[in-house]
$ cat my_file-v3.cif   # mmCIF, C-alpha atoms
data_run
loop_
_atom_site.label_atom_id
_atom_site.label_comp_id
_atom_site.auth_asym_id
_atom_site.auth_seq_id
_atom_site.Cartn_x
_atom_site.Cartn_y
_atom_site.Cartn_z
CA MET J 1 -15.92 -12.99 1.51
CA ILE J 2 -16.67 -12.56 5.21
CA ASN J 3 -19.08 -9.75 6.06
CA LYS J 4 -17.41 -7.05 8.18
CA ARG J 5 -20.09 -7.41 10.86
CA ASP J 6 -19.49 -11.16 11.11
CA ILE J 7 -15.74 -10.85 11.68
CA PRO J 8 -15.83 -10.40 15.52
CA ASN J 9 -18.15 -13.41 15.97
CA LYS J 10 -16.09 -15.54 13.59
CA CYS J 11 -12.88 -14.41 15.32
CA ASN J 12 -14.29 -15.28 18.74
CA PHE J 13 -15.48 -18.72 17.59
CA SER J 14 -12.24 -19.50 15.73
CA LEU J 15 -10.02 -18.51 18.66
CA ASN J 16 -11.95 -20.69 21.10
CA GLU J 17 -11.86 -23.67 18.70
CA TRP J 18 -8.16 -23.07 18.04
CA LYS J 19 -7.41 -23.06 21.77
CA LYS J 20 -9.23 -26.37 22.27
CA ASN J 21 -7.24 -28.05 19.49
CA LEU J 22 -3.87 -27.04 20.96
CA ASN J 23 -4.08 -29.94 23.47
CA LEU J 24 -2.05 -28.13 26.13
CA THR J 25 -0.32 -30.20 28.78
CA ASN J 26 -0.53 -29.28 32.46
CA TYR J 27 3.10 -28.18 32.27
CA GLU J 28 2.33 -25.86 29.33
CA ARG J 29 -0.72 -24.41 31.10
CA SER J 30 1.43 -23.63 34.11
CA LYS J 31 4.38 -22.28 32.10
CA TYR J 32 2.24 -19.93 29.98
CA GLU J 33 -0.31 -19.07 32.65
CA ASP J 34 0.20 -15.29 32.43
CA ILE J 35 -0.26 -14.96 28.68
CA LEU J 36 -3.14 -17.46 28.71
CA ASN J 37 -4.92 -15.29 31.30
CA GLN J 38 -4.15 -12.26 29.15
CA LEU J 39 -5.65 -14.02 26.11
CA ASP J 40 -8.76 -15.10 28.04
CA PHE J 41 -9.22 -11.52 29.29
CA GLN J 42 -9.02 -10.17 25.73
CA ILE J 43 -11.42 -12.80 24.34
CA ASN J 44 -13.87 -11.89 27.11
CA LYS J 45 -13.55 -8.22 26.11
CA LEU J 46 -14.35 -9.25 22.54
CA GLN J 47 -17.40 -11.20 23.69
CA ARG J 48 -18.62 -8.35 25.91
CA LYS J 49 -17.75 -5.74 23.26
CA GLU J 50 -15.70 -3.59 25.62
CA LEU J 51 -13.05 -1.42 23.97
CA GLN J 52 -10.03 0.12 25.72
CA ILE J 53 -8.32 3.27 24.39
CA SER J 54 -5.07 4.51 25.91
CA VAL J 55 -3.07 7.70 25.47
CA TYR J 56 0.66 7.27 25.06
CA GLY J 57 3.57 9.64 24.52
CA ARG J 58 6.39 11.55 26.12
CA VAL J 59 6.05 13.21 29.49
CA GLY J 60 4.32 16.60 29.51
CA VAL J 61 2.69 16.44 26.05
CA GLY J 62 -0.80 16.83 27.55
CA LYS J 63 -2.13 13.27 27.60
CA SER J 64 -4.24 13.71 30.73
CA SER J 65 -5.63 17.08 29.64
CA LEU J 66 -6.54 15.56 26.25
CA LEU J 67 -8.63 12.86 27.93
CA ASN J 68 -10.31 15.44 30.18
CA ALA J 69 -11.18 17.51 27.11
CA LEU J 70 -12.65 14.46 25.34
CA VAL J 71 -14.91 13.49 28.26
CA GLU J 72 -15.57 17.16 29.15
CA LYS J 73 -14.79 16.49 32.80
CA GLN J 74 -11.79 16.95 35.06
CA ILE J 75 -11.27 13.21 35.63
CA PHE J 76 -7.53 12.78 35.17
CA PRO J 77 -5.25 14.93 37.35
CA THR J 78 -3.09 17.52 35.59
CA ASP J 79 -0.43 19.92 36.76
CA ILE J 80 1.73 22.67 35.32
CA LEU J 81 4.69 20.47 36.24
CA ASN J 82 5.59 17.74 33.77
CA GLY J 83 4.97 14.13 34.66
CA ASN J 84 1.94 14.39 36.94
CA THR J 85 0.70 10.91 35.88
CA LYS J 86 2.69 8.26 37.73
CA THR J 87 0.43 5.24 37.28
CA SER J 88 -2.17 4.16 34.74
CA SER J 89 -5.79 5.08 35.47
CA SER J 90 -9.03 4.58 33.56
CA TYR J 91 -12.49 6.07 33.07
CA GLN J 92 -15.56 4.78 31.24
CA TRP J 93 -16.52 7.18 28.45
CA CYS J 94 -20.19 8.07 28.85
CA LYS J 95 -20.80 8.15 25.12
CA ARG J 96 -22.81 5.74 22.96
CA PHE J 97 -21.04 3.84 20.18
CA LYS J 98 -22.34 1.45 17.54
CA SER J 99 -21.84 -2.28 18.26
CA LEU J 100 -19.98 -1.59 21.54
CA ASN J 101 -21.27 -1.82 25.09
CA LYS J 102 -18.40 0.02 26.76
CA VAL J 103 -15.46 2.27 25.85
CA GLU J 104 -12.79 2.82 28.49
CA LEU J 105 -10.20 5.62 28.34
CA ILE J 106 -6.83 4.93 29.96
CA ASP J 107 -4.20 7.49 31.00
CA SER J 108 -0.57 6.33 31.19
CA PRO J 109 2.77 7.73 32.42
CA GLY J 110 5.09 9.46 29.95
CA ILE J 111 7.49 7.32 27.92
CA ASP J 112 10.61 9.17 29.05
CA GLU J 113 9.43 9.73 32.63
CA ILE J 114 10.26 6.34 34.07
CA ASN J 115 13.95 5.72 34.70
CA ASN J 116 13.41 2.16 35.87
CA SER J 117 13.50 0.01 32.71
CA ASN J 118 11.39 -2.73 34.32
CA LYS J 119 8.61 -0.26 35.16
CA GLU J 120 8.83 1.22 31.67
CA GLU J 121 8.40 -2.25 30.16
CA ILE J 122 5.44 -2.97 32.46
CA HIS J 123 3.68 0.25 31.38
CA PHE J 124 4.43 -0.42 27.71
CA ASN J 125 2.97 -3.93 27.98
CA TYR J 126 -0.09 -2.48 29.69
CA VAL J 127 -0.55 -0.07 26.78
CA LEU J 128 -0.10 -2.98 24.35
CA ASP J 129 -3.07 -4.73 25.94
CA THR J 130 -5.36 -1.83 25.02
CA ASP J 131 -7.14 -1.91 21.67
CA LEU J 132 -6.49 1.58 20.25
CA ILE J 133 -3.70 4.03 21.06
CA LEU J 134 -3.85 7.82 20.85
CA PHE J 135 -0.16 8.66 20.41
CA VAL J 136 0.21 12.26 21.60
CA ILE J 137 2.99 14.66 20.59
CA ASP J 138 3.20 18.41 21.18
CA SER J 139 5.79 19.44 18.57
CA ASP J 140 7.91 17.89 15.84
CA ILE J 141 8.34 14.15 16.31
CA THR J 142 11.42 13.01 18.27
CA ARG J 143 13.61 9.90 18.16
CA ILE J 144 11.89 8.66 21.33
CA ASP J 145 8.52 9.05 19.60
CA LEU J 146 9.72 7.25 16.47
CA ASP J 147 11.19 4.33 18.40
CA SER J 148 7.95 3.92 20.36
CA ILE J 149 5.77 4.12 17.24
CA GLU J 150 7.84 1.52 15.40
CA GLU J 151 7.68 -0.81 18.41
CA LEU J 152 3.90 -0.42 18.61
CA LEU J 153 3.57 -1.15 14.90
CA ARG J 154 5.66 -4.30 15.25
CA ASN J 155 3.02 -5.43 17.72
CA ASN J 156 0.18 -4.69 15.29
CA LYS J 157 -1.23 -1.83 17.37
CA PRO J 158 -3.67 0.63 15.73
CA ILE J 159 -2.38 4.17 16.31
CA LEU J 160 -4.05 7.55 15.91
CA LEU J 161 -1.42 10.30 15.98
CA VAL J 162 -2.49 13.46 17.85
CA LEU J 163 -0.57 16.75 17.64
CA ASN J 164 -1.45 18.73 20.78
CA ARG J 165 -1.02 22.45 21.57
CA CYS J 166 -1.55 23.47 17.96
CA ASP J 167 -2.75 26.89 19.22
CA GLN J 168 0.89 27.81 19.80
CA TRP J 169 1.76 28.09 16.08
CA ASP J 170 0.46 29.99 13.10
CA LYS J 171 -0.57 28.24 9.87
CA LYS J 172 2.89 28.41 8.30
CA GLU J 173 4.59 26.99 11.40
CA THR J 174 1.99 24.24 11.68
CA LYS J 175 2.51 23.30 8.02
CA LEU J 176 6.28 23.03 8.52
CA ILE J 177 5.87 20.85 11.62
CA LEU J 178 3.41 18.53 9.84
CA SER J 179 5.72 18.27 6.82
CA SER J 180 8.63 17.25 9.06
CA ILE J 181 6.51 14.66 10.89
CA HIS J 182 5.35 13.07 7.63
CA ARG J 183 8.93 12.94 6.36
CA LYS J 184 10.12 11.17 9.51
CA LEU J 185 7.20 8.73 9.26
CA SER J 186 8.16 7.79 5.71
CA PHE J 187 8.01 4.06 6.55
CA TYR J 188 4.21 4.41 6.42
CA LYS J 189 2.78 3.16 3.15
CA GLN J 190 0.32 6.03 2.99
CA LYS J 191 0.43 9.57 4.34
CA ILE J 192 -0.78 9.23 7.91
CA LYS J 193 -3.56 11.50 9.08
CA ILE J 194 -2.62 13.61 12.12
CA ALA J 195 -5.32 15.02 14.40
CA LEU J 196 -4.65 18.63 15.45
CA VAL J 197 -5.88 19.57 18.92
CA SER J 198 -5.36 21.99 21.74
CA SER J 199 -6.46 20.21 24.89
CA SER J 200 -5.72 23.01 27.35
CA PRO J 201 -5.17 26.31 25.50
CA ARG J 202 -4.35 29.46 27.39
CA GLU J 203 -4.47 33.13 26.44
CA ALA J 204 -2.60 36.09 27.91
CA LYS J 205 -4.91 38.72 29.42
CA ILE J 206 -3.97 42.19 30.64
CA LYS J 207 -5.59 42.99 33.97
CA PRO J 208 -6.83 46.50 34.89
CA ASP J 209 -3.79 46.91 37.11
CA GLY J 210 -1.51 46.28 34.14
CA THR J 211 -0.43 42.77 35.13
CA ILE J 212 -0.55 39.96 32.57
CA ARG J 213 -2.21 36.71 33.49
CA SER J 214 -2.66 33.47 31.56
CA GLU J 215 -6.28 32.37 31.36
CA LYS J 216 -7.65 28.98 30.24
CA LYS J 217 -9.72 28.84 27.08
CA MET J 218 -12.13 26.19 25.78
CA PRO J 219 -10.34 23.06 24.51
CA LYS J 220 -10.22 22.57 20.74
CA VAL J 221 -10.81 18.84 20.38
CA ASP J 222 -14.17 18.64 18.59
CA ILE J 223 -12.68 17.49 15.27
CA LEU J 224 -10.73 14.71 17.01
CA LYS J 225 -13.78 13.75 19.08
CA ASN J 226 -15.95 13.36 15.98
CA GLU J 227 -13.23 11.55 14.07
CA LEU J 228 -12.62 9.21 16.99
CA LYS J 229 -16.32 8.42 17.26
CA ASP J 230 -16.48 7.57 13.55
CA ILE J 231 -13.41 5.33 13.83
CA ILE J 232 -14.80 3.49 16.87
CA ASP J 233 -18.26 3.11 15.28
CA GLN J 234 -16.76 1.67 12.10
CA SER J 235 -13.87 -0.40 13.47
CA GLY J 236 -14.28 -0.77 17.23
CA GLU J 237 -15.03 -4.50 17.09
CA LEU J 238 -12.21 -5.00 14.57
CA PHE J 239 -9.77 -3.42 17.02
CA LEU J 240 -10.92 -5.94 19.63
CA SER J 241 -10.48 -8.76 17.12
CA ILE J 242 -6.99 -7.60 16.11
CA ASN J 243 -5.85 -7.38 19.73
CA SER J 244 -7.22 -10.85 20.50
CA LEU J 245 -5.47 -12.32 17.46
CA ARG J 246 -2.24 -10.49 18.32
CA ILE J 247 -2.10 -12.01 21.81
CA ALA J 248 -3.11 -15.44 20.48
CA ASP J 249 -0.34 -15.31 17.88
CA GLN J 250 2.18 -14.24 20.51
CA PHE J 251 1.15 -17.17 22.72
CA TYR J 252 1.24 -19.57 19.75
CA LYS J 253 4.84 -18.60 18.94
CA LEU J 254 5.94 -19.19 22.54
CA LEU J 255 4.14 -22.53 22.65
CA LYS J 256 5.58 -23.79 19.35
CA GLU J 257 9.04 -22.60 20.33
CA GLY J 258 8.86 -24.61 23.55
CA ARG J 259 7.62 -27.71 21.74
CA LEU J 260 10.25 -27.42 19.02
CA LEU J 261 13.04 -27.15 21.57
CA LYS J 262 11.88 -30.47 23.00
CA LYS J 263 11.99 -32.01 19.52
CA ARG J 264 15.50 -30.68 18.95
CA GLU J 265 17.18 -33.47 20.95
CA ALA J 266 15.10 -36.16 19.25
CA ALA J 267 16.01 -34.71 15.85
CA GLN J 268 19.71 -34.70 16.76
CA SER J 269 19.49 -38.36 17.74
CA LEU J 270 17.75 -39.26 14.46
CA ILE J 271 20.32 -37.43 12.35
CA GLY J 272 23.20 -39.08 14.22
CA LYS J 273 21.68 -42.52 13.71
CA TYR J 274 21.20 -42.12 9.96
CA ALA J 275 24.61 -40.48 9.55
CA THR J 276 26.24 -43.55 11.09
CA LEU J 277 24.22 -45.96 8.92
CA LYS J 278 25.00 -44.01 5.76
CA ALA J 279 28.70 -43.77 6.62
CA SER J 280 28.92 -47.53 7.15
CA GLY J 281 27.19 -48.34 3.86
CA VAL J 282 29.27 -45.92 1.80
CA ALA J 283 32.59 -46.94 3.32
CA ILE J 284 32.06 -50.70 2.81
CA ASN J 285 30.56 -50.62 -0.68
CA PRO J 286 33.04 -50.35 -3.62
CA PHE J 287 30.54 -49.38 -6.36
CA ILE J 288 29.78 -45.77 -7.25
CA MET J 289 26.12 -46.09 -8.24
CA ILE J 290 25.26 -48.21 -5.22
CA ASP J 291 26.94 -45.58 -3.01
CA LEU J 292 24.77 -42.83 -4.48
CA ILE J 293 21.56 -44.87 -4.32
CA THR J 294 22.32 -45.98 -0.75
CA GLY J 295 23.00 -42.38 0.28
CA LEU J 296 19.75 -41.20 -1.30
CA ALA J 297 17.83 -43.98 0.47
CA PHE J 298 19.27 -43.15 3.88
CA ASP J 299 18.72 -39.39 3.41
CA SER J 300 15.13 -39.99 2.26
CA ALA J 301 14.44 -42.25 5.25
CA LEU J 302 15.88 -39.57 7.56
CA ILE J 303 13.61 -36.90 6.08
CA ILE J 304 10.55 -39.13 6.48
CA GLN J 305 11.36 -39.68 10.16
CA LEU J 306 12.07 -35.98 10.73
CA SER J 307 8.77 -35.03 9.08
CA LYS J 308 6.92 -37.33 11.49
CA LEU J 309 8.79 -35.80 14.41
CA TYR J 310 7.80 -32.25 13.36
CA GLY J 311 4.21 -33.25 12.68
CA LEU J 312 4.35 -32.92 8.88
CA GLU J 313 3.89 -36.29 7.19
CA VAL J 314 6.08 -36.68 4.08
CA GLY J 315 5.96 -39.75 1.83
CA GLY J 316 8.86 -41.53 0.09
CA PRO J 317 8.64 -39.73 -3.30
CA SER J 318 8.31 -36.34 -1.59
CA ALA J 319 11.26 -37.15 0.66
CA ARG J 320 13.45 -38.06 -2.32
CA GLN J 321 12.45 -34.88 -4.12
CA LEU J 322 13.32 -32.84 -1.04
CA VAL J 323 16.75 -34.52 -0.78
CA LYS J 324 17.47 -33.67 -4.41
CA LYS J 325 16.23 -30.11 -3.97
CA LEU J 326 18.36 -29.56 -0.88
CA SER J 327 21.36 -31.10 -2.66
CA PHE J 328 21.07 -28.77 -5.62
CA GLN J 329 20.57 -25.77 -3.32
CA ASN J 330 23.78 -26.54 -1.41
CA SER J 331 27.08 -26.92 -3.26
CA LEU J 332 28.52 -29.31 -0.66
CA LEU J 333 25.51 -31.59 -0.95
CA GLY J 334 25.30 -31.22 -4.73
CA GLY J 335 28.17 -31.19 -7.18
CA ALA J 336 30.94 -31.15 -4.59
CA GLN J 337 29.70 -34.24 -2.76
CA ILE J 338 29.02 -36.22 -5.94
CA GLY J 339 32.33 -35.18 -7.50
CA ILE J 340 34.32 -36.14 -4.40
CA GLN J 341 32.48 -39.45 -4.02
CA ILE J 342 33.03 -40.37 -7.67
CA THR J 343 36.72 -39.47 -7.50
CA LEU J 344 37.24 -41.47 -4.29
CA ASN J 345 35.31 -44.47 -5.65
CA ILE J 346 37.28 -44.50 -8.91
CA PHE J 347 40.54 -44.33 -6.98
CA LYS J 348 39.37 -47.09 -4.64
CA GLN J 349 38.31 -49.36 -7.53
CA VAL J 350 41.65 -48.83 -9.31
CA LEU J 351 43.44 -49.90 -6.15
CA ILE J 352 41.20 -52.97 -5.75
CA LEU J 353 41.72 -54.02 -9.38
CA ALA J 354 45.45 -53.57 -8.98
CA ALA J 355 45.57 -55.79 -5.89
CA PRO J 356 46.50 -59.06 -7.75
CA LEU J 357 49.39 -57.26 -9.49
CA THR J 358 50.76 -55.70 -6.31
CA GLY J 359 50.35 -58.71 -4.09
CA GLY J 360 47.58 -56.95 -2.17
CA LEU J 361 49.74 -53.92 -1.28
CA SER J 362 47.47 -51.57 -3.24
CA LEU J 363 44.58 -52.38 -0.88
CA ALA J 364 46.28 -50.54 2.00
CA PRO J 365 45.26 -47.04 0.87
CA THR J 366 41.62 -48.09 0.46
CA ALA J 367 41.08 -47.92 4.24
CA PRO J 368 41.89 -44.17 4.52
CA ILE J 369 39.71 -43.55 1.46
CA ALA J 370 36.83 -45.39 3.11
CA ILE J 371 37.32 -43.27 6.24
CA VAL J 372 37.23 -40.05 4.18
CA GLN J 373 34.05 -41.27 2.46
CA ALA J 374 32.50 -42.08 5.83
CA VAL J 375 33.34 -38.64 7.23
CA LEU J 376 31.91 -36.99 4.10
CA ALA J 377 28.75 -39.09 4.41
CA ILE J 378 28.34 -38.09 8.07
CA GLN J 379 28.79 -34.38 7.37
CA THR J 380 26.44 -34.33 4.38
CA THR J 381 23.79 -36.28 6.29
CA LYS J 382 23.98 -33.84 9.18
CA LEU J 383 23.63 -30.93 6.77
CA ILE J 384 20.72 -32.59 4.96
CA GLY J 385 19.03 -33.24 8.31
CA ARG J 386 19.52 -29.67 9.51
CA LEU J 387 18.22 -28.14 6.28
CA ALA J 388 15.22 -30.48 6.28
CA ALA J 389 14.55 -29.72 9.95
CA TYR J 390 14.54 -26.00 9.13
CA LYS J 391 11.92 -26.52 6.41
CA PHE J 392 9.80 -28.63 8.76
CA LEU J 393 10.23 -26.07 11.55
CA MET J 394 8.96 -23.31 9.27
CA GLY J 395 6.12 -25.61 8.26
CA THR J 396 5.07 -26.16 11.87
CA ASN J 397 5.16 -22.39 12.40
CA ARG J 398 2.61 -22.07 9.61
CA ASN J 399 0.63 -25.12 10.71
CA ASP J 400 -2.19 -24.28 13.13
CA GLY J 401 -1.25 -20.60 12.83
CA ARG J 402 -4.87 -19.52 12.58
CA PRO J 403 -4.44 -16.27 14.61
CA ARG J 404 -1.74 -15.01 12.23
CA LEU J 405 -3.77 -16.00 9.15
CA MET J 406 -6.87 -14.21 10.45
CA LEU J 407 -4.81 -11.16 11.44
CA ASN J 408 -3.35 -10.96 7.93
CA TYR J 409 -6.85 -11.33 6.49
CA LEU J 410 -8.23 -8.43 8.54
CA LEU J 411 -5.36 -6.11 7.74
CA LYS J 412 -5.35 -6.86 4.02
CA ARG J 413 -9.05 -6.19 3.60
CA ASN J 414 -9.43 -3.04 5.70
CA SER J 415 -7.58 -0.08 4.22
CA ASP J 416 -8.46 2.24 7.14
CA LEU J 417 -6.86 -0.18 9.59
CA ARG J 418 -3.74 -0.46 7.41
CA ILE J 419 -3.29 3.31 7.55
CA MET J 420 -3.59 3.32 11.35
CA LEU J 421 -1.17 0.40 11.55
CA GLY J 422 1.33 1.94 9.17
CA ASP J 423 2.71 0.10 6.14
CA PHE J 424 1.44 -3.50 6.25
CA LYS J 425 4.60 -4.63 4.42
CA PHE J 426 6.64 -2.94 7.15
CA LEU J 427 4.80 -5.06 9.71
CA ARG J 428 5.25 -8.31 7.84
CA SER J 429 8.89 -7.77 6.91
CA SER J 430 10.13 -6.99 10.42
CA THR J 431 13.08 -9.23 11.26
CA GLU J 432 11.97 -12.48 12.81
CA LYS J 433 13.70 -13.98 15.78
CA ASN J 434 16.69 -16.12 14.79
CA LYS J 435 15.54 -19.74 14.82
CA ASN J 436 18.98 -21.41 14.63
CA TYR J 437 18.83 -22.37 18.28
CA LEU J 438 15.73 -24.47 17.50
CA LEU J 439 17.57 -26.50 14.89
CA PRO J 440 19.31 -29.83 15.60
#

$ encode --input "my_file-v3.cif" --output "C-alpha cells"
Amino acid sequence: MINKRDIPNKCNFSLNEWKKNLNLTNYERSKYEDILNQLDFQINKLQRKELQISVYGRVGVGKSSLLNALVEKQIFPTDILNGNTKTSSSYQWCKRFKSLNKVELIDSPGIDEINNSNKEEIHFNYVLDTDLILFVIDSDITRIDLDSIEELLRNNKPILLVLNRCDQWDKKETKLILSSIHRKLSFYKQKIKIALVSSSPREAKIKPDGTIRSEKKMPKVDILKNELKDIIDQSGELFLSINSLRIADQFYKLLKEGRLLKKREAAQSLIGKYATLKASGVAINPFIMIDLITGLAFDSALIIQLSKLYGLEVGGPSARQLVKKLSFQNSLLGGAQIGIQITLNIFKQVLILAAPLTGGLSLAPTAPIAIVQAVLAIQTTKLIGRLAAYKFLMGTNRNDGRPRLMLNYLLKRNSDLRIMLGDFKFLRSSTEKNKNYLLP
C-alpha cells in the first residue's frame, strides 16, 4: 500500500510520465492548448505545494466577510447591499500549514448574481480549478445550492459546507435547519458535517437617547478555523493531487474522444468491406455448415482488424469467442440469424435438388433467396462490427486511464475525503456522456 505522504510525489511523477506517453501530435497540442495549460498549472501547484481555497455560494450569504474573519483582516470588500463581489480576488493566508508552502484564499461572485450565463460558467470553471471549496449558505439549503453542490461533486471537488449567520437562531431553530439540510443532502453516503459560523454578527444596542443601533460583534469562526487547519494539514497535498488528476482525466477523455472520432470512418470502411465479403460467400454457397463457418470466419477476421484499429490486439481464438458471445447476447445475431439461415438454406437445397425434375424451373427462386441471405449477412456483420467496436471503445477508455485509476485509488482509501466529496458511488454512477456518436 502506498504511504499517504508518498501519494503527492507518486502522483506528480505518474502524471508527468503519463503525459509523455500520450505522444500528442502538433494538431492535438494546438487543439487542447487551454486544458493542457490548465493541467501544467495544476501540476506546478502540486510540485510547489501551493493550495487554493475558494468560497462559493449564493449572493449575499457572507462569503467575503467569512474570509475576512478567517484571516482576521478586512481584505475582501463587503457591503450591506447584496452582491458586492463582482470578480474573483485572492489573498495569501499568513498561516503555517504542514507540508504546504502556500495557502491562497479566493473570493468569488454569488452563484445567482450573474445573469450572463457565459460569465457564470467562467466563474464556475474558475472555482473548479481551486483545490478545496467552502460552500457557504446562510439558511436552509435551496434548489440553487443543491444543483451547484451536485455539479461540484460530479467534478470530484472536495466541499466543506459552512452555515453562516448562525447567531440569528436559537438552538431549536438551528437544529431544525440542520435536520432539513441533511435530509436534502440525502445523496451523501454519510451524514455530512456542517460548520456553524457567524462571520459578521451584529447586536442591537439602545443608545442613551433611546435610539436603537446595530453594532458589530466579534466573528464566531474559531471552530471552523481550527477544523480547516486540521483538514489542510492532513489532506492539503491530497487535495492538490485530486485536482491534478481530475484535470488530467478531463483532458484524457477529450483526447480519446477526438482520436476515436478519427477511427470511426476507418471502422465503418472495415465493416463495410467484411459485410460485402460475407454476403458474397453466403449467397453463393449452397451448404448450411459452410455458410455458418464462413460467416464465423469473416466476423472473426473483422473483429481482429477492429481490435488493431482501436489499439487492443485480439487473437483468432479470442475473436471467435467474442463473436459467439455477441451472437448469444443479441437475438438477431443468435437464434434468429441461425434459424433464418438454416431455413433459407434448406429451401434453397430443396429447389436445387428438384431442378432435374422441373427442367431447371425450380432454380429461379434460389436467386431471391440468395439476395435475402446476402442482406441478412450484411446486417448481421454491421451489427457484430458495431457491438465489437463498442467493446473496444470502452477498452480504449480504460487503457492508459491512469489519472482515473489513481483518482479512484485516493478516494477509496481516504474516508475523510469521501465524506467531503459526498457518496463515492454517487460520483462513479453519474450518467456518462452518450458514446453512440463515436461508434461506426

$ residues_around --input "my_file-v3.cif" --residues "Val197 of chain J" --least-positions-apart "4" --cutoff "12 Å" --atoms "all atoms listed in the file" --output "PyMOL selection string"
chain J and resi 61-63+65-67+69-70+136-139+161-169+174+201+218-225+227

$ write_last_selection --input "my_file-v3.cif" --atoms "C-alpha atoms" --output "PDB file, keeping the file's coordinate frame"
ATOM      1  CA  VAL J  61       2.690  16.440  26.050  1.00  0.00           C
ATOM      2  CA  GLY J  62      -0.800  16.830  27.550  1.00  0.00           C
ATOM      3  CA  LYS J  63      -2.130  13.270  27.600  1.00  0.00           C
ATOM      4  CA  SER J  65      -5.630  17.080  29.640  1.00  0.00           C
ATOM      5  CA  LEU J  66      -6.540  15.560  26.250  1.00  0.00           C
ATOM      6  CA  LEU J  67      -8.630  12.860  27.930  1.00  0.00           C
ATOM      7  CA  ALA J  69     -11.180  17.510  27.110  1.00  0.00           C
ATOM      8  CA  LEU J  70     -12.650  14.460  25.340  1.00  0.00           C
ATOM      9  CA  VAL J 136       0.210  12.260  21.600  1.00  0.00           C
ATOM     10  CA  ILE J 137       2.990  14.660  20.590  1.00  0.00           C
ATOM     11  CA  ASP J 138       3.200  18.410  21.180  1.00  0.00           C
ATOM     12  CA  SER J 139       5.790  19.440  18.570  1.00  0.00           C
ATOM     13  CA  LEU J 161      -1.420  10.300  15.980  1.00  0.00           C
ATOM     14  CA  VAL J 162      -2.490  13.460  17.850  1.00  0.00           C
ATOM     15  CA  LEU J 163      -0.570  16.750  17.640  1.00  0.00           C
ATOM     16  CA  ASN J 164      -1.450  18.730  20.780  1.00  0.00           C
ATOM     17  CA  ARG J 165      -1.020  22.450  21.570  1.00  0.00           C
ATOM     18  CA  CYS J 166      -1.550  23.470  17.960  1.00  0.00           C
ATOM     19  CA  ASP J 167      -2.750  26.890  19.220  1.00  0.00           C
ATOM     20  CA  GLN J 168       0.890  27.810  19.800  1.00  0.00           C
ATOM     21  CA  TRP J 169       1.760  28.090  16.080  1.00  0.00           C
ATOM     22  CA  THR J 174       1.990  24.240  11.680  1.00  0.00           C
ATOM     23  CA  PRO J 201      -5.170  26.310  25.500  1.00  0.00           C
ATOM     24  CA  MET J 218     -12.130  26.190  25.780  1.00  0.00           C
ATOM     25  CA  PRO J 219     -10.340  23.060  24.510  1.00  0.00           C
ATOM     26  CA  LYS J 220     -10.220  22.570  20.740  1.00  0.00           C
ATOM     27  CA  VAL J 221     -10.810  18.840  20.380  1.00  0.00           C
ATOM     28  CA  ASP J 222     -14.170  18.640  18.590  1.00  0.00           C
ATOM     29  CA  ILE J 223     -12.680  17.490  15.270  1.00  0.00           C
ATOM     30  CA  LEU J 224     -10.730  14.710  17.010  1.00  0.00           C
ATOM     31  CA  LYS J 225     -13.780  13.750  19.080  1.00  0.00           C
ATOM     32  CA  GLU J 227     -13.230  11.550  14.070  1.00  0.00           C
TER      33      GLU J 227
END

$ closest_residue --input "my_file-v3.cif" --among "J:Lys171, J:Lys10, J:Lys31, J:Arg402" --to "Arg246 of chain J" --atoms "all atoms listed in the file"
J:Arg402

$ closest_residue --input "my_file-v3.cif" --among "J:Tyr274, J:Ile35, J:Tyr126, J:Pro158" --to "Ile231 of chain J" --atoms "all atoms listed in the file"
J:Pro158

$ atom_distance --input "my_file-v3.cif" --atom1 "atom CA of Ser54 of chain J" --atom2 "atom CA of Asp131 of chain J"
8.0 Å

$ closest_residue --input "my_file-v3.cif" --among "J:Pro440, J:Pro208, J:Pro403, J:Pro8" --to "Lys262 of chain J" --atoms "all atoms listed in the file"
J:Pro440

$ closest_residue --input "my_file-v3.cif" --among "J:Leu24, J:Met406, J:Leu51, J:Leu100" --to "Leu240 of chain J" --atoms "only C-alpha atoms"
J:Leu51

$ closest_residue --input "my_file-v3.cif" --among "J:Ser108, J:Asn101, J:Asn156, J:Ser235" --to "Asn408 of chain J" --atoms "all atoms listed in the file"
J:Asn156

$ atom_distance --input "my_file-v3.cif" --atom1 "atom CA of Ser64 of chain J" --atom2 "atom CA of Asp107 of chain J"
6.2 Å

$ atom_distance --input "my_file-v3.cif" --atom1 "atom CA of Phe135 of chain J" --atom2 "atom CA of Gly57 of chain J"
5.6 Å
